[in-house]
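Chemist: Sharing a structure here in C-alpha cells format.
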Amino acid sequence: MEKKKVIALVGTSIFEKYLKEKENGNDVYNNLKDKTFVEFKEWEEDAREFQNSIKEWAKERTDASAEIKSLSKIKEELKQDKIPVYLLATDTILSPLAAEIIKDWLKEKEDFEVHFEKEYGKGIIKGLQVRNSKEFEEEGLMNLFERIEEIAEGNPKSIVFNITGGYKAVVPFLTFYAQIYEVPAYYIFEDEEELIKLPQLPLEVDFSLIEDYFIAFEAISPDKIPKNLPSKEKFLKYLNNDLHQAEKKFEELKQSKLIVIKEIVDKENKIKENKVSLTIYGKLIYKKFFKEKAKEYNKLKGTFMELKLFEYFYNKYLNEKDIKVHHSSKFSDLEADIIIENNKEKTIRVIEVKPGNRIPFDDIKEQKIKKLLPRVKEKYPDYHLSFEVYLYRKIEILDILKGKMQDCNQLAKDEMGRNFEIKWYWLKITDNIYDAHQIIKDSDINPIDLGGYHV
C-alpha cells in the first residue's frame with residue numbers, strides 16, 4: 001500500500017490558544033498578525049522571543065494547536081509508519097513561526113517525518129493572504145496548488161489534506177480540488193475529539209466545454225504569461241466564426257465561473273489592457289483535463305470517428321468492384337487512417353481523421369506529409385496520389401486555423417510536387433459523438449475553402 005503524504009495548512013491557532021492562558025505576548029501578537037513574510041527580518045527579534053515562549057508552553061500538549069491535534073488523529077486513521085507531513089504556511093510572519101513550532105513538536109514523535117522550509121515556493125505560499133482578494137485568488141491560490149502538485153509528484157492519490165488549520169477562505173478551493181482529484185480531506189473542530197473525513201461526493205466534472213472549445217482554452221491556459229493572454233475580441237474568434245454565437249458561448253463560460261476578464265498591467269510599456277483569463281476553478285479543471293483525460297478522450301474519439309468514416313466510405317463504394325477501402329493501413333512504422341484504392345482509375349486517396357478542435361498540425365507536417373505520403377507513393381508508383389484531412393467538430397472549423405492549413409498545403413507542394421494539394425473537410429458530428437447508431441451522411445461532409453488565406 002502506497003504511503004500517504006499529509007498536506008497541512010498552518011494557521012495561528014497555537015498563538016490564540018496560548019494567549020487565552022497567558023497574559024504576556026498580546027502586544028507582540030497584535031504587532032505581528034497583519035505583517036507579511038517579507039517583513040520578517042524587521043520583526044525577527046520580537047518574533048523569536050514570542051515563539052520560544054510558546055514552544056516551551058506547547059512541549060507536552062497534544063492540544064496545543066488545531067494542527068497538532070488533527071495530525072495526531074490522522075496518524076491513527078492512516079495506520080502507517082513514519083507519516084510524511086508537509087506543513088504549508090500562509091504569506092505572513094505568524095504562520096511560518098507556528099509551522100516551526102509544530103515541526104519541532106512533531107519531530108519528537110517517531111511517527112512523523114516533517115517537512116517545512118521557511119521560504120517562498122516551499123513551506124511558505126507567496127500571495128496566500130487575506131488583505132488583498134485579487135492577490136489571494138490570482139497568485140496565492142495558484143501558488144498553493146502548484147506546491148501541492150509538486151508534493152504529489154503527479155499522483156494526487158498519494159496525498160491527503162488536513163484542512164483544520166490555515167485560512168478558512170482556502171477551504172472551499174481545497175475541497176473542490178479534493179473532490180475532482182479524489183483526495184481524502186480531514187477536519188477536526190476545535191473543541192471536539194472526533195476527526196471528520198469529508199465524503200467523496202458522486203460528482204462528475206463536465207469536460208465537454210473544454211473539449212469542444214480546446215483552441216479557446218489553449219489560448220488562456222495556466223502557463224500563459226499575463227501579457228500574452230487574448231483580449232475579449234480575439235478570444236471570441238477562438239470560440240466561433242459567428243460573432244453572435246461566440247458572444248453567447250463567452251457568456252456561458254463566464255456564468256460557469258471558468259473565465260473572467262481582468263486588467264493586466266504591462267509595466268514595461270506602461271499599458272493597461274483587459275484580457276481574458278481562467279478563474280481558479282477554470283485552471284483546476286483545465287489541469288485535471290489535460291493531466292488525466294485529454295489523451296484518453298482524444299484516442300477514444302479519434303478511433304471512433306475513423307471507424308465511422310471508414311463505414312461511410314465502405315458503404316459508398318460497396319458495389320464498386322474496382323474500388324477497395326482499407327482501414328489502418330500500415331506503411332512500415334506509419335499508418336494511414338483510411339486508404340481508398342481505385343484500380344480502374346489508378347488513384348490512391350490517403351485519408352486522415354483529426355480533431356477539429358485541436359488540429360495536430362505538427363503531426364500532419366512531420367509524420368504524414370514528410371514521411372507517410374512518400375511511402376504510400378513508393379508502394380503505388382503508378383497511381384495518382386491525393387491526401388485528404390477530415391476534421392471532426394460539432395461547429396464550423398474556425399477561420400483563424402485556415403492559415404495553418406495553407407501552410408501545410410505549401411509544405412505538401414514542396415515535398416510531393418507543385419501540383420499536389422491537400423483537401424480539407426469539416427466533418428460535422430452530433431452532440432453525442434459516441435452514439436453507435438450515428439451514420440455519417442454526405443451532408444455532414446463540408447469542403448473547407450482556403451481562398452484568401454496565404455502562408
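Simple scheme: letters A, B, ... for chains in C-alpha cells order, numbers from 1 for residues in each chain, numbers from 1 for ligands in the order shown.
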Show which residues sit within 7 Å of A:Ser277, as an MDAnalysis selection string. Count only C-alpha atoms, and ignore same-chain residues fewer than 6 positions away.

Modeler: chainID A and resid 220 229 259:262

Chemist: Within 12 Å of A:Glu76, counting only C-alpha atoms, which residues show up once you throw out same-chain ones fewer than 4 positions away? Write them as JSON, numbers by chain, please.

Modeler: {"A": [69, 70, 71, 72, 80, 81, 82, 83, 111, 112, 194, 195]}

Chemist: Set the distance at 7 Å and use only C-alpha atoms: which residues neighbour A:Asn342 once local chain neighbours fewer than 3 positions away are removed? I'd like the list as an MDAnalysis selection string.

Modeler: chainID A and resid 322:324 345:348

Chemist: Selection from above, C-alpha atoms, as a PDB file, in the first residue's frame, can you write it?

Modeler:
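As a result, part32.pdb now contains:
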```pdb
ATOM      1  CA  ASP A 322     -12.581  -1.789 -58.701  1.00  0.00           C
ATOM      2  CA  ILE A 323     -12.560   0.278 -55.502  1.00  0.00           C
ATOM      3  CA  LYS A 324     -11.224  -1.038 -52.218  1.00  0.00           C
ATOM      4  CA  GLU A 345      -8.670   4.940 -62.467  1.00  0.00           C
ATOM      5  CA  LYS A 346      -5.298   4.226 -60.833  1.00  0.00           C
ATOM      6  CA  THR A 347      -5.826   6.600 -57.881  1.00  0.00           C
ATOM      7  CA  ILE A 348      -4.964   6.343 -54.216  1.00  0.00           C
TER       8      ILE A 348
END
```

Chemist: Excluding same-chain residues fewer than 6 positions from A:Asp414, what lies within 10 Å of it counting only C-alpha atoms, as a VMD selection string?

Modeler: chain A and resid 369 to 370 408 420

Chemist: Using only C-alpha atoms, find the one residue out of A:Pro184, A:Lys168, A:Asp212, A:Lys283 that sits nearest to A:Thr430.

Modeler: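 Among the listed residues, A:Asp212 lies closest to A:Thr430.
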
Chemist: Please compute the atom CA of A:Pro96-atom CA of A:Ile124 distance, one decimal, in Å.

Modeler: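 Atom-to-atom, atom CA of A:Pro96 and atom CA of A:Ile124 are spaced 7.0 Å apart.
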
Chemist: A:Glu306: which residues within 12 Å, counting only C-alpha atoms, same-chain residues fewer than 3 positions away excluded, as a short mmCIF file (atom, residue, chain, number, x, y, z; two decimals) with N, CA and C atoms, in the first residue's frame?

Modeler:
```
data_model
loop_
_atom_site.label_atom_id
_atom_site.label_comp_id
_atom_site.auth_asym_id
_atom_site.auth_seq_id
_atom_site.Cartn_x
_atom_site.Cartn_y
_atom_site.Cartn_z
N ASN A 298 -9.07 11.89 -26.52
CA ASN A 298 -8.65 12.09 -27.90
C ASN A 298 -8.50 10.76 -28.63
N LYS A 299 -7.87 9.79 -27.97
CA LYS A 299 -7.65 8.49 -28.58
C LYS A 299 -8.97 7.78 -28.85
N LEU A 300 -9.85 7.78 -27.86
CA LEU A 300 -11.13 7.10 -28.00
C LEU A 300 -11.97 7.74 -29.09
N LYS A 301 -12.06 9.05 -29.07
CA LYS A 301 -12.87 9.76 -30.05
C LYS A 301 -12.29 9.59 -31.45
N GLY A 302 -10.95 9.70 -31.56
CA GLY A 302 -10.30 9.56 -32.85
C GLY A 302 -10.56 8.20 -33.48
N THR A 303 -10.44 7.14 -32.67
CA THR A 303 -10.68 5.78 -33.17
C THR A 303 -12.13 5.62 -33.62
N LEU A 309 -16.08 7.01 -40.31
CA LEU A 309 -15.78 7.50 -41.66
C LEU A 309 -15.44 6.32 -42.58
N PHE A 310 -14.75 5.33 -42.03
CA PHE A 310 -14.47 4.11 -42.81
C PHE A 310 -15.79 3.45 -43.22
N GLU A 311 -16.73 3.38 -42.28
CA GLU A 311 -18.05 2.81 -42.56
C GLU A 311 -18.73 3.57 -43.69
N TYR A 312 -18.62 4.91 -43.66
CA TYR A 312 -19.24 5.76 -44.70
C TYR A 312 -18.67 5.43 -46.08
N PHE A 313 -17.32 5.38 -46.19
CA PHE A 313 -16.69 5.11 -47.48
C PHE A 313 -16.92 3.67 -47.93
N TYR A 314 -16.88 2.75 -46.98
CA TYR A 314 -17.10 1.33 -47.30
C TYR A 314 -18.47 1.13 -47.94
N HIS A 326 -9.61 0.57 -47.30
CA HIS A 326 -8.83 -0.07 -46.24
C HIS A 326 -8.79 0.82 -44.99
N HIS A 327 -8.86 0.20 -43.84
CA HIS A 327 -8.74 0.94 -42.58
C HIS A 327 -7.41 0.60 -41.91
N SER A 328 -6.74 1.62 -41.37
CA SER A 328 -5.47 1.44 -40.64
C SER A 328 -4.44 0.68 -41.46
N ALA A 336 -1.83 4.85 -42.17
CA ALA A 336 -2.85 5.74 -42.75
C ALA A 336 -4.20 5.34 -42.19
N ASP A 337 -4.99 6.33 -41.75
CA ASP A 337 -6.29 6.02 -41.15
C ASP A 337 -7.17 5.25 -42.14
N ILE A 338 -7.29 5.80 -43.36
CA ILE A 338 -8.12 5.17 -44.40
C ILE A 338 -7.41 5.32 -45.75
N ILE A 339 -7.41 4.25 -46.55
CA ILE A 339 -6.90 4.28 -47.92
C ILE A 339 -8.03 3.87 -48.86
N ILE A 351 -6.46 9.17 -46.49
CA ILE A 351 -7.38 9.96 -45.67
C ILE A 351 -6.96 9.90 -44.20
N GLU A 352 -6.86 11.07 -43.62
CA GLU A 352 -6.54 11.21 -42.20
C GLU A 352 -7.72 11.84 -41.48
N VAL A 353 -8.02 11.33 -40.30
CA VAL A 353 -9.13 11.84 -39.48
C VAL A 353 -8.53 12.50 -38.25
N LYS A 354 -8.82 13.79 -38.07
CA LYS A 354 -8.22 14.56 -36.97
C LYS A 354 -9.29 15.37 -36.23
N PRO A 355 -9.04 15.66 -34.95
CA PRO A 355 -9.99 16.50 -34.21
C PRO A 355 -9.95 17.95 -34.70
N VAL A 389 -7.77 15.48 -45.45
CA VAL A 389 -7.84 15.55 -43.99
C VAL A 389 -9.28 15.89 -43.60
N TYR A 390 -9.88 15.02 -42.80
CA TYR A 390 -11.24 15.23 -42.31
C TYR A 390 -11.17 15.64 -40.85
N LEU A 391 -11.66 16.84 -40.56
CA LEU A 391 -11.61 17.41 -39.21
C LEU A 391 -12.99 17.32 -38.58
N TYR A 392 -13.13 16.49 -37.56
CA TYR A 392 -14.44 16.32 -36.95
C TYR A 392 -14.65 17.34 -35.83
N LEU A 427 -15.96 17.63 -40.93
CA LEU A 427 -16.89 16.53 -40.71
C LEU A 427 -17.75 16.89 -39.51
N ILE A 440 -22.72 8.73 -40.77
CA ILE A 440 -22.22 9.90 -41.50
C ILE A 440 -22.92 9.97 -42.85
#
```

Chemist: Using DSSP on the backbone coordinates, identify all residues within stretch 265-449 of chain A classified as helix (DSSP H, G or I); present the result as a PyMOL selection string.

Modeler: chain A and resi 280-316+361-379+399-416+442-444

Chemist: Quick check, in Å to one decimal: how far apart do atom CA of A:Asn162 and atom CA of A:Leu174 lie?

Modeler: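 So the answer is 9.8 Å.
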
Chemist: Go through A:Phe387, A:Phe217, A:Phe331, A:Tyr317 one by one, measure the shortest atom-to-atom distance of each to A:Lys371 using only C-alpha atoms, and give the residue with the smallest value.

Modeler: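 Ranked by minimum distance to A:Lys371, first place goes to A:Phe331.
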
Chemist: What's around A:Leu401 at 10 Å? Count only C-alpha atoms, leave out sequence neighbours fewer than 2 positions away in its own chain, and write the answer as a VMD selection string.

Modeler: chain A and resid 215 238 356 to 357 359 361 397 to 399 403 to 406 450 453

Chemist: Can you tell me, as a PyMOL selection string, which residues in stretch 89-246 of chain A count as strand (DSSP E or B) by DSSP?

Modeler: chain A and resi 89+112-115+120+124+159-162+185-187+196-197

Chemist: Neighbours of stretch 156-158 of chain A within 9 Å (only C-alpha atoms; same-chain residues fewer than 5 positions away dropped), as an MDAnalysis selection string?

Modeler: chainID A and resid 2:6 148:149 151 178 181:184
